[in-house]
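With compact mmCIF, C-alpha atoms inside, this is data16.txt:
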```txt
# COMPACT_ATOMS: atom_id res chain seq x y z
CA MET O 4 19.28 4.31 29.06
CA LYS O 5 18.03 7.45 30.76
CA SER O 6 15.14 9.25 29.08
CA THR O 7 15.83 12.79 27.92
CA THR O 8 12.21 13.71 27.30
CA LEU O 9 11.48 17.05 28.89
CA THR O 10 8.28 17.84 30.72
CA ARG O 11 6.25 20.77 29.44
CA LYS O 12 7.27 22.75 32.52
CA GLN O 13 10.97 22.09 31.75
CA GLU O 14 10.45 23.20 28.14
CA ILE O 15 8.80 26.38 29.38
CA CYS O 16 11.67 27.08 31.82
CA ILE O 17 14.34 26.50 29.14
CA THR O 18 12.54 28.78 26.70
CA ALA O 19 12.01 31.41 29.39
CA ALA O 20 15.71 31.36 30.32
CA ARG O 21 16.63 31.95 26.67
CA LEU O 22 14.18 34.86 26.46
CA PHE O 23 15.44 36.31 29.74
CA LYS O 24 18.98 36.32 28.32
CA GLN O 25 17.89 37.82 25.00
CA LYS O 26 15.49 40.50 26.27
CA GLY O 27 16.13 40.79 29.99
CA TYR O 28 13.90 39.33 32.67
CA SER O 29 11.86 42.50 33.18
CA ALA O 30 11.08 42.86 29.47
CA VAL O 31 9.77 39.30 28.97
CA THR O 32 6.02 38.87 29.36
CA MET O 33 4.04 35.69 29.80
CA ARG O 34 2.54 36.48 26.38
CA ASP O 35 6.06 36.53 24.86
CA LEU O 36 6.81 33.22 26.49
CA ALA O 37 3.54 31.65 25.34
CA ALA O 38 4.19 32.73 21.75
CA GLU O 39 7.70 31.26 21.88
CA VAL O 40 6.44 27.98 23.35
CA GLY O 41 3.54 27.88 20.87
CA VAL O 42 0.61 28.01 23.28
CA LYS O 43 -1.92 30.59 24.43
CA ALA O 44 -0.81 32.67 27.41
CA ALA O 45 -3.60 31.24 29.58
CA SER O 46 -2.32 27.72 28.88
CA LEU O 47 1.03 28.52 30.49
CA TYR O 48 -0.71 28.78 33.82
CA ASN O 49 -1.56 25.07 33.64
CA HIS O 50 2.17 24.42 34.06
CA ILE O 51 3.53 27.38 35.99
CA ALA O 52 2.01 30.03 38.25
CA SER O 53 4.07 33.07 37.28
CA LYS O 54 7.15 34.44 35.58
CA GLU O 55 8.79 34.70 39.00
CA GLU O 56 8.16 31.00 39.61
CA ILE O 57 9.91 30.20 36.33
CA LEU O 58 12.89 32.36 37.29
CA ASN O 59 13.01 30.70 40.69
CA GLU O 60 12.91 27.25 39.10
CA VAL O 61 15.72 28.09 36.67
CA ILE O 62 18.04 29.76 39.16
CA VAL O 63 17.54 27.62 42.24
CA ASN O 64 17.91 24.36 40.28
CA ILE O 65 21.27 25.47 38.89
CA ALA O 66 22.42 26.84 42.25
CA GLU O 67 21.53 23.53 43.90
CA SER O 68 23.51 21.62 41.27
CA PHE O 69 26.57 23.81 41.85
CA THR O 70 26.33 23.60 45.63
CA GLU O 71 25.80 19.84 45.74
CA GLY O 72 28.64 19.38 43.26
CA ILE O 73 31.18 21.48 45.13
CA GLN O 74 30.25 19.87 48.43
CA ASP O 75 30.98 16.46 46.92
CA ILE O 76 34.23 17.78 45.44
CA ARG O 77 35.36 19.29 48.74
CA LEU O 78 34.66 16.11 50.70
CA ALA O 79 36.28 13.82 48.12
CA ASP O 80 39.44 12.01 49.15
CA THR O 81 41.54 13.57 46.39
CA LYS O 82 44.38 16.04 46.09
CA VAL O 83 43.60 19.75 46.22
CA ALA O 84 44.72 20.25 42.61
CA GLU O 85 42.22 17.60 41.51
CA LYS O 86 39.48 19.29 43.54
CA LEU O 87 40.20 22.63 41.88
CA GLU O 88 40.20 20.97 38.45
CA ALA O 89 36.86 19.33 39.34
CA VAL O 90 35.38 22.73 40.28
CA ILE O 91 36.45 24.14 36.91
CA ALA O 92 35.07 21.09 35.09
CA GLN O 93 31.76 21.42 36.94
CA HIS O 94 31.42 25.02 35.77
CA VAL O 95 32.19 24.12 32.17
CA HIS O 96 29.70 21.25 32.10
CA LEU O 97 26.85 23.05 33.86
CA THR O 98 27.35 26.14 31.72
CA ALA O 99 27.60 24.24 28.43
CA ASP O 100 24.47 22.28 29.35
CA ASN O 101 22.48 25.38 30.27
CA PRO O 102 24.03 28.69 29.13
CA TYR O 103 20.71 30.54 29.26
CA GLY O 104 20.01 29.36 32.79
CA MET O 105 23.50 30.51 33.77
CA ALA O 106 22.73 33.93 32.31
CA SER O 107 19.65 34.11 34.54
CA LEU O 108 21.64 32.91 37.55
CA ASN O 109 24.19 35.70 37.04
CA ASN O 110 21.96 38.52 35.80
CA ASP O 111 18.45 38.01 37.15
CA TRP O 112 18.79 36.58 40.67
CA MET O 113 17.88 39.95 42.18
CA HIS O 114 14.37 39.57 40.70
CA LEU O 115 13.70 36.48 42.77
CA GLY O 116 10.94 36.91 45.32
CA GLU O 117 10.47 34.00 47.68
CA GLY O 118 13.45 32.16 46.19
CA LYS O 119 15.99 34.93 46.80
CA GLU O 120 16.88 33.86 50.35
CA LYS O 121 17.34 30.26 49.28
CA TYR O 122 19.48 31.28 46.31
CA LEU O 123 21.66 33.55 48.44
CA ALA O 124 22.12 30.77 51.01
CA LEU O 125 23.12 28.34 48.24
CA ARG O 126 25.55 30.85 46.75
CA SER O 127 27.07 31.54 50.16
CA SER O 128 27.42 27.81 50.83
CA TYR O 129 29.04 27.29 47.43
CA GLU O 130 31.54 30.08 48.03
CA GLN O 131 32.34 28.75 51.51
CA HIS O 132 33.06 25.26 50.15
CA PHE O 133 35.32 26.84 47.54
CA ARG O 134 37.10 28.86 50.27
CA GLU O 135 37.70 25.65 52.22
CA ILE O 136 39.33 24.04 49.18
CA ILE O 137 41.50 27.14 48.75
CA LYS O 138 42.47 27.11 52.45
CA GLU O 139 43.37 23.44 52.15
CA GLY O 140 45.50 24.22 49.12
CA LYS O 141 47.30 27.03 50.88
CA ALA O 142 47.90 24.90 53.99
CA GLN O 143 49.45 22.18 51.83
CA ASN O 144 51.52 24.72 49.85
CA VAL O 145 49.72 23.73 46.67
CA LEU O 146 48.51 27.32 46.21
CA LYS O 147 50.51 30.51 46.54
CA ASP O 148 50.06 32.62 49.64
CA ILE O 149 47.56 34.98 47.99
CA ASP O 150 44.49 36.30 49.76
CA GLU O 151 41.72 33.67 49.61
CA GLU O 152 39.13 36.19 48.47
CA ILE O 153 41.30 37.23 45.52
CA ILE O 154 41.76 33.60 44.48
CA LEU O 155 38.08 32.86 44.99
CA PHE O 156 36.60 35.81 43.15
CA SER O 157 39.13 36.01 40.34
CA THR O 158 38.47 32.34 39.61
CA LEU O 159 34.71 32.65 39.99
CA GLY O 160 34.69 35.82 37.91
CA THR O 161 36.02 33.83 34.98
CA LEU O 162 33.90 30.73 35.57
CA ARG O 163 30.64 32.58 36.18
CA ASN O 164 31.00 34.37 32.85
CA LEU O 165 31.53 31.30 30.69
CA TYR O 166 27.87 31.60 29.65
CA LEU O 167 28.86 34.63 27.55
CA TRP O 168 31.52 32.73 25.65
CA ILE O 169 30.47 29.08 25.41
CA PRO O 170 27.37 29.58 23.18
CA LYS O 171 29.56 31.28 20.56
CA LYS O 172 31.74 28.18 20.20
CA ALA O 173 29.98 25.67 17.97
CA ASP O 174 33.08 23.50 17.93
CA LEU O 175 33.50 23.51 21.70
CA GLN O 176 35.45 20.57 23.02
CA ARG O 177 34.74 20.56 26.73
CA SER O 178 37.81 18.58 27.70
CA LYS O 179 40.12 21.03 25.90
CA LEU O 180 38.35 23.99 27.49
CA ILE O 181 38.65 22.41 30.93
CA ASP O 182 42.36 21.74 30.38
CA SER O 183 42.98 25.29 29.15
CA LEU O 184 41.04 26.86 32.01
CA CYS O 185 42.85 24.69 34.56
CA GLU O 186 46.19 25.73 33.08
CA THR O 187 45.26 29.42 32.99
CA LEU O 188 43.45 29.70 36.32
CA LEU O 189 45.65 27.37 38.34
CA ASN O 190 49.08 27.94 36.80
CA GLY O 191 48.77 31.43 35.33
CA VAL O 192 49.80 32.78 31.96
CA LYS O 193 53.43 33.76 32.55
CA THR O 194 56.07 31.52 31.02
CA ALA O 195 58.47 31.61 33.97
```
Please rewrite the model in this file as structure tokens.
Amino acid sequence: MKSTTLTRKQEICITAARLFKQKGYSAVTMRDLAAEVGVKAASLYNHIASKEEILNEVIVNIAESFTEGIQDIRLADTKVAEKLEAVIAQHVHLTADNPYGMASLNNDWMHLGEGKEKYLALRSSYEQHFREIIKEGKAQNVLKDIDEEIILFSTLGTLRNLYLWIPKKADLQRSKLIDSLCETLLNGVKTA
């Protein structure tokens, strides 16, 4: 059985992500974070060098998970519809597992220093893999002949904002959410 014990650095990053969502990245101080974690501010520096390093850790880790996941999905020997469903499922799972990190990914990436280029490259790679799945779907007549960018960004617009909605659902059943999102995003909402 895999251990779920978090390192102190992971605890600090999770707490920081929650504070960033609640107060905004710019408003959170290392003193705020230390108080929330239950240590003196100087002790934080034993685990992390700066607030920017924490933000980088939170955002780049999630971006890497998304990019690695969609690359695997795109290269899988499955039908396009299954690939699209897998992309939606990946968003639900990663967001439900880390809604505060997702808030930072969406709202605070512009505050990244050294990590900004890496994040932007990961985001671009992710979007390109998604475009390739869409192109494949259009070529196979699985998707309607709608502009790829409209399909891409209307879908991502919904999926990227799940962090706003998921934390409010204490009774969230991921499989039902995935099914409903697949139905809505892939088949639409019109009856016929």
Selection near Arg177 in chain O, 10 Å with all atoms listed in the file, sequence-local residues under 3 positions removed, as a PDB file with C-alpha atoms, in the coordinates of the input:
```
ATOM      1  CA  ALA O  92      35.070  21.090  35.090  1.00  0.00           C
ATOM      2  CA  VAL O  95      32.190  24.120  32.170  1.00  0.00           C
ATOM      3  CA  HIS O  96      29.700  21.250  32.100  1.00  0.00           C
ATOM      4  CA  ALA O  99      27.600  24.240  28.430  1.00  0.00           C
ATOM      5  CA  ILE O 169      30.470  29.080  25.410  1.00  0.00           C
ATOM      6  CA  ASP O 174      33.080  23.500  17.930  1.00  0.00           C
ATOM      7  CA  LEU O 180      38.350  23.990  27.490  1.00  0.00           C
ATOM      8  CA  ILE O 181      38.650  22.410  30.930  1.00  0.00           C
ATOM      9  CA  ASP O 182      42.360  21.740  30.380  1.00  0.00           C
ATOM     10  CA  SER O 183      42.980  25.290  29.150  1.00  0.00           C
TER      11      SER O 183
END
```
For range 106-123 of chain O: contacts at 8 Å, only C-alpha atoms, fewer than 3 positions along chain excluded, given as number ranges by chain: O: 20, 23-24, 28, 55, 58-59, 61-63, 65-66, 102-103, 126-127, 163, 166-167
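The protein and nucleic acid residues lying at most 8 Å from Ile137 in chain O are Leu146, Glu151, Ile154 and Leu155 of chain O, with all atoms listed in the file considered and sequence neighbours fewer than 6 positions away removed.
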Shell of 9 Å around range 34-46 of chain O, all atoms listed in the file, local chain residues under 2 positions omitted, as a list in words: Glu14, Ile15, Thr18, Ala19, Leu22, Val31, Thr32, Tyr48, Asn49 and His50 of chain O
Atomic separation - CA of Asn64 in chain O relative to CA of Leu159 in chain O, Å: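 Value for the CA of Leu159 in chain O-CA of Asn64 in chain O distance: 18.7 Å.
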Given only C-alpha atoms as the counted atoms, nearest of O:Leu188, O:Leu9, O:Leu175, O:Ile136 to Ala79 in chain O: O:Ile136
Selection near Ile76 in chain O, 8 Å with all atoms listed in the file, sequence-local residues under 3 positions removed, as a list of chain:residue names: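 Skipping anything fewer than 3 positions along the chain leaves O:Gly72, O:Ile73, O:Ala79, O:Lys86, O:Ala89, O:Val90.
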Could you work out an axis-aligned bounding box for all listed atoms of range 22-30 of chain O, with 6 Å added on each of the six sides, and give its centre and edge lengths in Å to one decimal, as AutoDock Vina command-line options?
```
--center_x 15.0 --center_y 38.9 --center_z 29.1 --size_x 19.9 --size_y 20.0 --size_z 20.2
```
Using only C-alpha atoms: which of O:Ser29, O:Asn164, O:Gln176, O:Val83 has the shortest distance to Lys141 in chain O: O:Val83
Interatomic distance (Å, one decimal) between CA of His132 in chain O and CA of Asp75 in chain O: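 So the two atoms, CA of His132 in chain O and CA of Asp75 in chain O, lie 9.6 Å apart.
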Counting only C-alpha atoms, the residue of O:Ala30, O:Glu85, O:Glu186, O:Ser128 that sits nearest Lys54 in chain O: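 Result for the nearest residue to Lys54 in chain O: O:Ala30.
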Coordinates-based distance that separates CA of Arg21 in chain O from CA of Met105 in chain O (Å, one decimal):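 Computing it gives 10.0 Å between the two atoms.
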Top pick for closest residue to Asn144 in chain O, considering O:Ile57, O:Ala84, O:Cys16, O:Leu47 and counting only C-alpha atoms: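 Looking only at the distances to Asn144 in chain O, the closest residue turns out to be O:Ala84.
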Nearest to Leu165 in chain O, chosen from O:Gln143, O:Lys138, O:Leu125, O:Ile91, with all atoms listed in the file counted in the distances: O:Ile91
Pick from O:Lys26, O:Leu97, O:Glu56, O:Gln131 nearest to Gln74 in chain O, counting only C-alpha atoms: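 Closest residue, counting only C-alpha atoms: O:Gln131.
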